[in-house]
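Peer 1: Dropping a structure here in structure tokens format, bear with me for questions.
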Amino acid sequence: MATEARMATNPVPRFPDGFLWGVSTSAHQIEGAAELRGPSVWDVFTSEPGRVKDGSTAAVACDHYHRYREDVALLADLGVDAYRFSVSWPRVDSPGGLGFYDRLVDELCAAGVRPVPTLFHWDLPAGLDWLERDTASRFAEYVSVVADRLGDRVGKWITLNEPAEHTLLGHALGAHAPGRKLLFDALPPAHHQLLAHGLAVRALRACGAADIGIANSHGPTWPASDDPADREAAEFYDVLLNRLFADPVLTGRYPDGIGELMPGDVRADLEIIAEPLDWYGVNYYAPTRVGAPQGAEIEFGGLALPAELPFSVRGIEGRPLTDFGWPVVPEGLTELLTGFRDRYGDRLPPVVITENGCSYEGLDDQDRITYLDGHVRALHRALEAGVDVRGYFVWSLLDNFEWAEGYARRFGLVHVDFDTQRRTPKASYGWFREVLRAQRDRHG
């Protein structure tokens, strides 16, 4: 009743014909069946005591590998146009591993749900290393194998998910797999992931793909104050977490001063990295408030940020927080998208929001509904401001293994009891279903 009343009194604005509505997941977080694939860097990481807060692993997770038909039925009932999932490179490298994705894609197509695979979502096969340039070439070979097998049914592809987070958390700060604390020596893994993206685009084109994007994480960077030191620190952070991963893809150049820090002469690589895309994916969660370094280690968002960083991350006051402690700032999405439009101009292809979501407990998750409702409206305001946005994917369909947080954070529209594997749609699932139904009704 609460959902119906909300929809009746304040319906979500009408989005354009052909706008793509979906939900997202990732292989390592939901598939389970670890015994039927090779190990990834995340399997190695989670086997080390103290790496995951609750000591858990993703060996079973949501058991999606065995329960994918049940999960596709949930997608069909939800009424989404598309399902963004990821393909596990270690599974593809294992005997029969591609067969699972054959079955999943067939099930999605039969249900009228468009499959949108992401080809890398952090689960690098154990034994490979983004510090090594050759990993980019190995990735392109794997992409060709997947595209050759699934390309007759898959039209829309995503190369990488969030190379910024994989670099920062996995290689610079050690909070994620592979657990390195390289700080600024983590720039080679950033470059090699971007090179892998460009090589993957070429591999997909060679297989006939014509609808290719990347899923980069972005958010506005807000200076902690007008003090020049805070502004300078915020500008550096923005370069490091936003422009380092957007500029090469969209303009074929690194931000000033960054290219010189990359391994070797990167000019030829930049031509590959900037292979034209059909659309640009944005994962948005919140802005970041940044100030000058404070000379001491800072605890922020569960991470210990070293004192030697040339910036400090501050809290955003006066905003509600998710159960993960992240600020809820829907207007930051409008700011981000209009800012990208202004910065990149005609170099920015159509945009798809490839992730947006929040962690809250409970089946009657009204806070999640408020969060998603606010962000969908913020997205519509970006459309009204002239940003070419073509789609929106909620993170996530299912509660899942939330990386170093283990099972302590619940991002799903569907609750998962990890003891019984029972799926229970939450109130937010019902809300999103009604949003999608209303959009279809308005388009006749």
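Simple scheme: letters A, B, ... for chains in structure tokens order, numbers from 1 for residues in each chain, numbers from 1 for ligands in the order shown.
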Can you tell me which residues surround Leu321 (chain A) at a distance of at most 10 Å, considering only C-alpha atoms, apart from same-chain residues fewer than 5 positions away, and format the answer as number ranges by chain?
Peer 2: A: 316, 326-329, 358-360, 367
Peer 1: Taking 6 positions as the minimum chain separation for residues in the same chain, which residues sit within 10 Å of Arg433 (chain A) when counting only C-alpha atoms? Answer as a CSV table (one decimal) with N, CA and C atoms, in the first residue's frame.
Peer 2:
```
chain,number,residue,atom,x,y,z
A,75,LEU,N,13.7,-11.6,-12.5
A,75,LEU,CA,13.9,-10.5,-13.4
A,75,LEU,C,12.6,-10.3,-14.3
A,77,ASP,N,9.5,-11.2,-13.6
A,77,ASP,CA,8.4,-10.6,-12.8
A,77,ASP,C,8.6,-9.2,-12.5
A,78,LEU,N,9.9,-8.8,-12.3
A,78,LEU,CA,10.2,-7.4,-12.1
A,78,LEU,C,9.9,-6.5,-13.3
A,79,GLY,N,10.1,-7.0,-14.5
A,79,GLY,CA,9.7,-6.3,-15.7
A,79,GLY,C,10.8,-5.5,-16.2
A,80,VAL,N,12.1,-5.8,-15.9
A,80,VAL,CA,13.2,-5.0,-16.4
A,80,VAL,C,13.4,-5.3,-17.9
A,427,ALA,N,10.2,-4.6,-0.4
A,427,ALA,CA,9.3,-3.5,-0.8
A,427,ALA,C,9.9,-2.7,-2.0
A,439,GLN,N,6.0,3.3,-16.6
A,439,GLN,CA,6.7,3.8,-17.8
A,439,GLN,C,6.2,3.1,-19.0
```
Peer 1: Tell me, as JSON, numbers by chain, which residues lie within 10 Å of region 195-212 of chain A, counting only C-alpha atoms; anything in the same chain fewer than 4 positions away does not count.
Peer 2: {"A": [116, 119, 120, 130, 133, 134, 135, 136, 137, 138, 139, 140, 141, 142, 143, 144, 145, 146, 147, 148, 149, 151, 152, 154, 155, 156, 157, 158, 159, 160, 161, 163, 189, 190, 191, 248, 249, 266, 269, 270, 271, 272, 273, 274, 275, 276, 277, 278, 279, 280, 281]}
Peer 1: So which residues touch Val239 (chain A) within 9 Å, counting only C-alpha atoms, skipping near sequence neighbours fewer than 5 positions away, as a ChimeraX atom specification?
Peer 2: /A:234,244-245,255,258
Peer 1: How about saving the chosen residues, all heavy atoms kept, as a PDB file, in the first residue's frame?
Peer 2:
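Result file is out00.pdb:
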```pdb
ATOM      1  N   ALA A 234      41.282  18.756  -3.623  1.00  0.00           N
ATOM      2  CA  ALA A 234      40.081  18.227  -4.270  1.00  0.00           C
ATOM      3  C   ALA A 234      40.306  18.061  -5.772  1.00  0.00           C
ATOM      4  O   ALA A 234      39.860  17.074  -6.374  1.00  0.00           O
ATOM      5  CB  ALA A 234      38.898  19.147  -4.006  1.00  0.00           C
ATOM      6  N   LEU A 244      41.412  10.363 -14.500  1.00  0.00           N
ATOM      7  CA  LEU A 244      42.404   9.355 -14.867  1.00  0.00           C
ATOM      8  C   LEU A 244      41.770   8.223 -15.672  1.00  0.00           C
ATOM      9  O   LEU A 244      42.410   7.631 -16.549  1.00  0.00           O
ATOM     10  CB  LEU A 244      43.057   8.796 -13.595  1.00  0.00           C
ATOM     11  CG  LEU A 244      43.948   7.557 -13.715  1.00  0.00           C
ATOM     12  CD1 LEU A 244      45.104   7.819 -14.675  1.00  0.00           C
ATOM     13  CD2 LEU A 244      44.472   7.133 -12.357  1.00  0.00           C
ATOM     14  N   PHE A 245      40.504   7.932 -15.415  1.00  0.00           N
ATOM     15  CA  PHE A 245      39.841   6.817 -16.079  1.00  0.00           C
ATOM     16  C   PHE A 245      38.869   7.260 -17.169  1.00  0.00           C
ATOM     17  O   PHE A 245      38.498   6.455 -18.020  1.00  0.00           O
ATOM     18  CB  PHE A 245      39.130   5.955 -15.036  1.00  0.00           C
ATOM     19  CG  PHE A 245      40.106   5.315 -14.090  1.00  0.00           C
ATOM     20  CD1 PHE A 245      40.455   5.943 -12.897  1.00  0.00           C
ATOM     21  CD2 PHE A 245      40.710   4.123 -14.410  1.00  0.00           C
ATOM     22  CE1 PHE A 245      41.384   5.367 -12.038  1.00  0.00           C
ATOM     23  CE2 PHE A 245      41.645   3.538 -13.560  1.00  0.00           C
ATOM     24  CZ  PHE A 245      41.987   4.172 -12.375  1.00  0.00           C
ATOM     25  N   PRO A 255      45.272  13.071 -18.033  1.00  0.00           N
ATOM     26  CA  PRO A 255      45.372  14.423 -17.459  1.00  0.00           C
ATOM     27  C   PRO A 255      46.833  14.846 -17.344  1.00  0.00           C
ATOM     28  O   PRO A 255      47.737  14.014 -17.242  1.00  0.00           O
ATOM     29  CB  PRO A 255      44.716  14.271 -16.079  1.00  0.00           C
ATOM     30  CG  PRO A 255      43.833  13.081 -16.196  1.00  0.00           C
ATOM     31  CD  PRO A 255      44.518  12.153 -17.152  1.00  0.00           C
ATOM     32  N   ILE A 258      50.014  12.994 -15.575  1.00  0.00           N
ATOM     33  CA  ILE A 258      49.737  11.592 -15.263  1.00  0.00           C
ATOM     34  C   ILE A 258      50.416  10.654 -16.249  1.00  0.00           C
ATOM     35  O   ILE A 258      50.982   9.620 -15.872  1.00  0.00           O
ATOM     36  CB  ILE A 258      48.226  11.320 -15.223  1.00  0.00           C
ATOM     37  CG1 ILE A 258      47.571  12.121 -14.093  1.00  0.00           C
ATOM     38  CG2 ILE A 258      47.946   9.828 -15.052  1.00  0.00           C
ATOM     39  CD1 ILE A 258      47.990  11.708 -12.710  1.00  0.00           C
TER      40      ILE A 258
END
```
Peer 1: When you look at Ala76 (chain A) with a cut-off of 8 Å (counting only C-alpha atoms), what residues show up, excluding the ones that are within fewer than 5 positions of it in the same chain? I need them as a tab-separated table (two decimals) with N, CA and C atoms, in the first residue's frame.
Peer 2:
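Below you can see selection28.tsv, which holds the result:
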```
chain	number	residue	atom	x	y	z
A	111	ALA	N	13.00	-15.26	-21.56
A	111	ALA	CA	12.17	-14.46	-20.65
A	111	ALA	C	11.95	-13.04	-21.16
A	112	GLY	N	12.55	-12.71	-22.29
A	112	GLY	CA	12.40	-11.36	-22.84
A	112	GLY	C	13.25	-10.32	-22.14
A	113	VAL	N	14.34	-10.76	-21.49
A	113	VAL	CA	15.24	-9.86	-20.77
A	113	VAL	C	16.56	-9.81	-21.54
```
Peer 1: So that I can check the surroundings of Pro125 (chain A), please list as a VMD selection string every protein, DNA and RNA residue that reaches within 6 Å of it, counting only C-alpha atoms and ignoring chain neighbours fewer than 3 positions away.
Peer 2: chain A and resid 40 90 128
Peer 1: Using only C-alpha atoms, which of A:Leu241, A:Ala382, A:Ala229, A:Leu168 sits nearest Pro188 (chain A)?
Peer 2: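 That would be A:Leu168, the residue with the smallest distance to Pro188 (chain A).
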Peer 1: Run DSSP on the backbone and give me the residues of region 10-45 of chain A it puts in alpha helix (DSSP H), as a ChimeraX atom specification.
Peer 2: /A:27-30,41-45
Peer 1: Mind writing the picked residues with N, CA, C and O atoms as a tab-separated table (two decimals), in the first residue's frame?
Peer 2:
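Resulting contents of again.tsv:
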```tsv
chain	number	residue	atom	x	y	z
A	27	ALA	N	29.57	-11.70	-11.10
A	27	ALA	CA	29.75	-13.15	-10.98
A	27	ALA	C	30.26	-13.57	-9.61
A	27	ALA	O	29.67	-14.44	-8.96
A	28	HIS	N	31.37	-12.98	-9.17
A	28	HIS	CA	31.97	-13.45	-7.93
A	28	HIS	C	31.05	-13.23	-6.73
A	28	HIS	O	31.08	-13.99	-5.77
A	29	GLN	N	30.20	-12.21	-6.81
A	29	GLN	CA	29.35	-11.86	-5.67
A	29	GLN	C	28.12	-12.75	-5.54
A	29	GLN	O	27.53	-12.81	-4.47
A	30	ILE	N	27.71	-13.43	-6.64
A	30	ILE	CA	26.46	-14.18	-6.55
A	30	ILE	C	26.56	-15.63	-7.00
A	30	ILE	O	25.78	-16.47	-6.56
A	41	VAL	N	41.81	-14.02	-7.95
A	41	VAL	CA	42.55	-13.29	-6.92
A	41	VAL	C	41.68	-13.08	-5.69
A	41	VAL	O	42.20	-12.98	-4.57
A	42	TRP	N	40.36	-13.07	-5.87
A	42	TRP	CA	39.48	-12.90	-4.71
A	42	TRP	C	39.41	-14.17	-3.87
A	42	TRP	O	39.25	-14.11	-2.65
A	43	ASP	N	39.51	-15.32	-4.49
A	43	ASP	CA	39.57	-16.55	-3.70
A	43	ASP	C	40.83	-16.59	-2.86
A	43	ASP	O	40.81	-17.00	-1.69
A	44	VAL	N	41.94	-16.16	-3.44
A	44	VAL	CA	43.20	-16.11	-2.69
A	44	VAL	C	43.07	-15.11	-1.55
A	44	VAL	O	43.46	-15.39	-0.39
A	45	PHE	N	42.53	-13.95	-1.83
A	45	PHE	CA	42.40	-12.87	-0.85
A	45	PHE	C	41.53	-13.30	0.33
A	45	PHE	O	41.90	-13.11	1.49
```
Peer 1: Identify, with DSSP run on backbone atoms, the residues in region 261-408 of chain A assigned to strand (DSSP E or B), and express the list as a PyMOL selection string.
Peer 2: chain A and resi 280-283+288-291+298-300+303-305+312-314+321+327+351-355+389-395+398
Peer 1: If you count only C-alpha atoms, which residues fall within 9 Å of Arg314 (chain A), apart from same-chain ones fewer than 4 positions away, as a list in words?
Peer 2: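 Near Arg314 (chain A), the qualifying residues are Ala224, Thr288, Arg289, Val290, Gly291 and Phe300 of chain A.
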Peer 1: Taking into account only C-alpha atoms, which residue in the set A:Arg51, A:Arg422, A:Arg253, A:Arg14 is nearest to Ala404 (chain A)?
Peer 2: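 Using only C-alpha atoms, Ala404 (chain A) sits closest to A:Arg51.
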Peer 1: Can you list every residue of region 112-193 of chain A that has an atom at most 12 Å from region 309-313 of chain A, with its nearest atom pair and the distance in Å to one decimal, using only C-alpha atoms, ordered by chain then number, as JSON lines?
Peer 2:
```
{"residue": "A:Ala172", "atom": "CA", "partner": "A:Leu309", "partner_atom": "CA", "distance": 10.8}
{"residue": "A:Leu173", "atom": "CA", "partner": "A:Leu309", "partner_atom": "CA", "distance": 10.7}
{"residue": "A:Leu182", "atom": "CA", "partner": "A:Leu309", "partner_atom": "CA", "distance": 11.8}
{"residue": "A:Leu183", "atom": "CA", "partner": "A:Leu309", "partner_atom": "CA", "distance": 8.3}
{"residue": "A:Phe184", "atom": "CA", "partner": "A:Leu309", "partner_atom": "CA", "distance": 9.2}
```
Peer 1: Mind dumping the selected residues with C-alpha atoms as an mmCIF file, in the first residue's frame?
Peer 2:
```
data_model
loop_
_atom_site.group_PDB
_atom_site.id
_atom_site.type_symbol
_atom_site.label_atom_id
_atom_site.label_comp_id
_atom_site.auth_asym_id
_atom_site.auth_seq_id
_atom_site.Cartn_x
_atom_site.Cartn_y
_atom_site.Cartn_z
ATOM 1 C CA ALA A 172 46.973 1.118 -3.780
ATOM 2 C CA LEU A 173 45.361 0.620 -0.350
ATOM 3 C CA LEU A 182 51.421 0.330 -3.578
ATOM 4 C CA LEU A 183 49.924 3.828 -3.257
ATOM 5 C CA PHE A 184 51.017 5.738 -6.382
#
```
